[in-house]
Structure formats: C-alpha cells, structure tokens
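Novice: Here's a structure for you.
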Amino acid sequence: MWAWLLKRLGQILPTLVILSFIIFGLQQLMPGDPAVILAGEERGDPMVLAQIRAELRLDQPLWSQYLYWVGNVLQGDFGFSWRIRMPVSDLILEKLPVTAQLASMAFLIAIVIGVPLGILSAVKKDTAWDWAANGIALFGISTPNFWLGIMMILFFSVQLGWLPPSGYVPLWEDPVQSLATTIMPAFVLGTGVASVLMRHTRAAMLTALSQDYVRTARAKGLTERVVVWKHALRNALIPVVTLGTIEFGRLLAGAVLTEQIFTIPGFGKLVVDAVFNRDYPVVQGVVLATALIFVALSLVADILYMLINPRLRQA
C-alpha cells in the first residue's frame with residue numbers, strides 16, 4: 001500500500017510542473033496591460049508605467065517571471081495582490097473556508113438525494129419509482145442555478161421570510177445564522193450534483209445487479225436488502241467515487257453565478273474580481289490552489305478505491 005502511494009505521489013509531480021506551465025502561460029494571454037490599469041489617472045505618464053512594470057517585474061523576460069513565481073510558490077509565497085495589496089495566500093485562506101463550507105454542504109445534500117435515488121431507481125427499474133427518480137434527476141440537470149436561486153429567494157425569503165436572501169456569516173461566529181445564510185445556495189448547487197450522482201449510481205447499480213456474483217448471492221437465499229447493500233452497492237460505488245471527487249472539486253473551484261446571486265464571498269467572486277482588475281498574482285494563486293485541490297482529490301479517490309475494493313489492494 002505504501003509503495004503504491006509513493007509511486008502515485010511520484011506521478012503527481014510531473015502533473016504539477018505541467019500545470020504550472022499552463023497556469024502561467026494562459027495568464028499571459030489575458031488582454032490588457034496591468035500597469036496601465038494600476039496607474040489609474042496617471043496612465044499617460046511613461047515614467048509611472050515604467051516604475052510599476054519594474055516593481056511588478058513585468059519588464060523581465062517571461063522565463064525570468066516564471067522562475068521567480070515558481071520559486072516563491074515552492075516557499076509558500078503566492079505573491080501580493082496588485083490591487084488589494086495583500087498576500088495572495090492570505091486571500092486564499094480567507095476565501096477558501098467560505099467556499100469549503102458551501103461546497104461541503106452542497107455535496108452532502110447531493111449525496112443524500114442522489115445516491116439513494118439512484119439505488120431506488122435501479123432496484124425498482126421500469127416502475128413508477130424509477131420514472132419518478134429519473135424525473136427528479138432530469139429537473140435537477142435542466143434547471144439553471146441562477147433561476148432556481150432567484151426562485152428560492154422569492155419564496156423562502158420574500159414570501160415566507162424564513163431565510164435571509166443574501167450575505168454570509170462565518171460558521172465559527174454564529175453556526176445557526178451561518179447555516180441560514182448558506183442552506184439555499186448549498187441546495188441550489190447540490191441539486192445539480194445530485195442529479196448527476198443519481199444517473200451514475202443508477203447505471204452502476206444496474207451493471208452490478210446483472211453480475212454473476214449477485215445471482216449467486218440470491219441463489220444462496222440471501223435477502224434482497226443484503227444483496228443490494230452488501231454485494232451490489234459496494235462494487236457500484238467505484239465509478240460513483242470518481243465522479244464524486246470530481247464534482248466536489250468543481251464545487252470547491254467556486255460556483256460564480258450562485259455566489260454572485262447570494263452574495264457569498266468565496267473563490268468565485270475572488271477570481272472574477274481579479275480577472276477584471278488584471279490582478280495576475282491572485283488569478284494565478286487561485287487557479288493553482290484549485291488545481292492542487294483537484295490533484296489531492298484524485299489521490300483521495302484512488303485511496304478510496306483501495307478501501308472499497310479489496311481486489312485492487314491485492315493487485
């Protein structure tokens with residue numbers, strides 16, 4: 001197990017190097033000159049522009065800028081925000097808990113809704129339960145997040161007055177109010193993921209239920225509940241785990257529209273503001289942090305494979 005884990009970590013290192021090239025290279029394709037934007041009213045003064053470019057190392061060759069950036073990143077320094085004048089690492093640490101809370105709640109909602117519906121749909125194939133579960137999944141996939149968010153605000157906030165329409169309260173300050181401000185955006189995000197999980201769980205369960213080991217378990221006289229939950233579901237979870245880690249990473253990357261609708265100060269708003277302000281260090285830091293999260297979740301998925309399927313550990 002440890003040898004496999006070390007080998008897997010060795011495979012991740014080239015991926016991170018390639019990601020650093022891509023992140024830095026795509027950043028240079030952004031239109032506009034950050035020195036002109038930062039100069040403000042003095043953008044017509046060549047001396048001011050030259051000073052800004054020198055301070056930000058924009059007058060250096062690209063390879064020099066890349067090596068300087070990577071060297072600082074390896075030391076845990078993501079640079080300074082050109083606009084806010086704060087360390088990028090501080091901005092990430094400030095916004096990441098917000099998005100992590102929202103993503104975790106949305107993912108929990110998705111699992112609670114999607115996986116049981118997928119199992120029910122597979123076990124009750126071609127029945128009313130199957131049609132109902134597929135209808136719910138189709139609604140979740142087809143409904144735009146911004147529309148569902150607006151409708152929930154109108155109903156639960158404006159009409160009923162149960163929940164605040166926008167804003168965010170940190171969990172450590174007031175857990176109840178924090179839950180009240182994040183439950184609607186979490187449900188909006190979670191319904192879309194739940195629909196995807198439902199469809200994949202249903203397909204994986206149908207495949208598992210048609211296997212020989214399931215027919216053997218039934219021939220031994222095991223109850224249908226034991227066959228479904230102990231034999232079929234365990235093998236069907238492998239592709240669902242893969243999808244779940246990807247979807248959770250996508251949620252952590254920041255749901256821009258949902259965060260904008262509910263005024264959630266997370267990753268999405270941070271990166272959008274940084275792009276508009278040509279704040280390169282913030283964009284690079286957020287994208288790199290997101291890429292590291294995806295890589296880490298991929299490793300977690302591989303470890304979960306080993307725990308779920310003993311045959312992979314033996315291989």
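Order determines the names: the first chain of the structure tokens is A, the second B, and so forth; residues in each chain are numbered 1 upward, and ligands are numbered 1 upward as they are shown.
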Give me, as an MDAnalysis selection string, all polymer residues having an atom no more than 8 Å from stretch 137-140 of chain A, counting only C-alpha atoms and skipping those fewer than 5 positions away in the same chain.
Specialist: chainID A and resid 191:192 194:196 198:199
Novice: Per residue of stretch 251-276 of chain A within 12 Å of stretch 146-161 of chain A, record the nearest atom pair and its distance in Å to one decimal, counting only C-alpha atoms, with rows in chain order and ascending residue number, as JSON lines.
Specialist:
{"residue": "A:Ala255", "atom": "CA", "partner": "A:Phe146", "partner_atom": "CA", "distance": 10.5}
{"residue": "A:Val256", "atom": "CA", "partner": "A:Phe146", "partner_atom": "CA", "distance": 10.0}
{"residue": "A:Leu257", "atom": "CA", "partner": "A:Phe146", "partner_atom": "CA", "distance": 6.4}
{"residue": "A:Thr258", "atom": "CA", "partner": "A:Phe146", "partner_atom": "CA", "distance": 6.3}
{"residue": "A:Glu259", "atom": "CA", "partner": "A:Phe146", "partner_atom": "CA", "distance": 9.7}
{"residue": "A:Gln260", "atom": "CA", "partner": "A:Phe146", "partner_atom": "CA", "distance": 9.2}
{"residue": "A:Ile261", "atom": "CA", "partner": "A:Phe146", "partner_atom": "CA", "distance": 7.0}
{"residue": "A:Phe262", "atom": "CA", "partner": "A:Gly149", "partner_atom": "CA", "distance": 7.9}
{"residue": "A:Thr263", "atom": "CA", "partner": "A:Gly149", "partner_atom": "CA", "distance": 11.6}
Novice: Keeping only N, CA, C and O atoms, write those residues as a PDB file, in the first residue's frame.
Specialist:
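Contents of the output file again36.pdb:
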ATOM      1  N   ALA A 255     -18.559  28.331  -7.423  1.00  0.00           N
ATOM      2  CA  ALA A 255     -19.723  28.484  -8.295  1.00  0.00           C
ATOM      3  C   ALA A 255     -19.997  29.981  -8.435  1.00  0.00           C
ATOM      4  O   ALA A 255     -20.606  30.602  -7.561  1.00  0.00           O
ATOM      5  N   VAL A 256     -19.533  30.552  -9.532  1.00  0.00           N
ATOM      6  CA  VAL A 256     -19.531  32.006  -9.688  1.00  0.00           C
ATOM      7  C   VAL A 256     -20.941  32.573  -9.636  1.00  0.00           C
ATOM      8  O   VAL A 256     -21.232  33.510  -8.879  1.00  0.00           O
ATOM      9  N   LEU A 257     -21.847  32.023 -10.445  1.00  0.00           N
ATOM     10  CA  LEU A 257     -23.198  32.574 -10.505  1.00  0.00           C
ATOM     11  C   LEU A 257     -23.916  32.472  -9.166  1.00  0.00           C
ATOM     12  O   LEU A 257     -24.548  33.425  -8.707  1.00  0.00           O
ATOM     13  N   THR A 258     -23.811  31.319  -8.534  1.00  0.00           N
ATOM     14  CA  THR A 258     -24.505  31.127  -7.258  1.00  0.00           C
ATOM     15  C   THR A 258     -23.950  32.055  -6.196  1.00  0.00           C
ATOM     16  O   THR A 258     -24.703  32.641  -5.400  1.00  0.00           O
ATOM     17  N   GLU A 259     -22.636  32.206  -6.161  1.00  0.00           N
ATOM     18  CA  GLU A 259     -22.033  33.105  -5.175  1.00  0.00           C
ATOM     19  C   GLU A 259     -22.419  34.561  -5.439  1.00  0.00           C
ATOM     20  O   GLU A 259     -22.579  35.344  -4.505  1.00  0.00           O
ATOM     21  N   GLN A 260     -22.567  34.912  -6.705  1.00  0.00           N
ATOM     22  CA  GLN A 260     -22.969  36.279  -7.030  1.00  0.00           C
ATOM     23  C   GLN A 260     -24.418  36.529  -6.620  1.00  0.00           C
ATOM     24  O   GLN A 260     -24.755  37.603  -6.099  1.00  0.00           O
ATOM     25  N   ILE A 261     -25.308  35.562  -6.873  1.00  0.00           N
ATOM     26  CA  ILE A 261     -26.727  35.729  -6.551  1.00  0.00           C
ATOM     27  C   ILE A 261     -26.935  35.886  -5.050  1.00  0.00           C
ATOM     28  O   ILE A 261     -27.690  36.755  -4.591  1.00  0.00           O
ATOM     29  N   PHE A 262     -26.247  35.046  -4.267  1.00  0.00           N
ATOM     30  CA  PHE A 262     -26.449  35.050  -2.813  1.00  0.00           C
ATOM     31  C   PHE A 262     -25.397  35.884  -2.072  1.00  0.00           C
ATOM     32  O   PHE A 262     -25.366  35.867  -0.839  1.00  0.00           O
ATOM     33  N   THR A 263     -24.550  36.586  -2.822  1.00  0.00           N
ATOM     34  CA  THR A 263     -23.505  37.450  -2.235  1.00  0.00           C
ATOM     35  C   THR A 263     -22.643  36.658  -1.259  1.00  0.00           C
ATOM     36  O   THR A 263     -22.455  37.059  -0.095  1.00  0.00           O
TER      37      THR A 263
END
Novice: How many Å separate atom CA of A:Gly167 from atom CA of A:Lys269?
Specialist: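 Atom CA of A:Lys269 lies 12.9 Å from atom CA of A:Gly167.
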Novice: Would you list the contacts of A:Asp273 as an MDAnalysis selection string, taking every protein, DNA or RNA residue within 10 Å and counting only C-alpha atoms, but skipping same-chain residues closer than 5 positions in sequence?
Specialist: chainID A and resid 83 268 278:279 282:283
Novice: Please dump the current selection as a compact mmCIF listing (two decimals), in the first residue's frame; keep all heavy atoms.
Specialist:
# COMPACT_ATOMS: atom_id res chain seq x y z
N ARG A 83 -3.88 44.79 -6.64
CA ARG A 83 -4.98 45.71 -6.42
C ARG A 83 -5.24 45.91 -4.93
O ARG A 83 -5.39 47.03 -4.45
CB ARG A 83 -6.24 45.18 -7.12
CG ARG A 83 -7.50 45.98 -6.87
CD ARG A 83 -7.42 47.38 -7.45
NE ARG A 83 -7.25 47.38 -8.90
CZ ARG A 83 -7.29 48.47 -9.64
NH1 ARG A 83 -7.46 49.64 -9.07
NH2 ARG A 83 -7.12 48.40 -10.96
N GLY A 268 -15.23 32.06 -6.13
CA GLY A 268 -15.76 32.53 -7.40
C GLY A 268 -15.68 34.03 -7.53
O GLY A 268 -15.19 34.57 -8.52
N ARG A 278 -7.19 42.63 -13.69
CA ARG A 278 -5.90 42.17 -14.21
C ARG A 278 -4.92 41.91 -13.06
O ARG A 278 -3.74 42.20 -13.16
CB ARG A 278 -5.29 43.20 -15.16
CG ARG A 278 -6.18 43.58 -16.33
CD ARG A 278 -6.44 42.40 -17.27
NE ARG A 278 -7.11 42.84 -18.48
CZ ARG A 278 -8.43 42.93 -18.62
NH1 ARG A 278 -9.21 42.63 -17.59
NH2 ARG A 278 -8.97 43.32 -19.75
N ASP A 279 -5.44 41.38 -11.98
CA ASP A 279 -4.62 41.09 -10.81
C ASP A 279 -3.99 39.71 -10.98
O ASP A 279 -4.48 38.71 -10.44
CB ASP A 279 -5.47 41.16 -9.54
CG ASP A 279 -4.65 41.39 -8.29
OD1 ASP A 279 -3.43 41.19 -8.36
OD2 ASP A 279 -5.22 41.79 -7.26
N VAL A 282 -3.27 37.09 -8.03
CA VAL A 282 -4.46 36.49 -7.42
C VAL A 282 -5.03 35.40 -8.33
O VAL A 282 -5.38 34.31 -7.87
CB VAL A 282 -5.52 37.57 -7.13
CG1 VAL A 282 -6.81 36.92 -6.61
CG2 VAL A 282 -4.99 38.56 -6.12
N VAL A 283 -5.11 35.69 -9.62
CA VAL A 283 -5.62 34.69 -10.57
C VAL A 283 -4.74 33.46 -10.56
O VAL A 283 -5.23 32.32 -10.48
CB VAL A 283 -5.72 35.29 -11.99
CG1 VAL A 283 -6.17 34.22 -12.97
CG2 VAL A 283 -6.67 36.47 -12.02
Novice: Quick one: pull the distance between atom CA of A:Leu252 and atom CA of A:Pro185, Å, one decimal.
Specialist: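 Between these atoms lies a distance of 13.4 Å.
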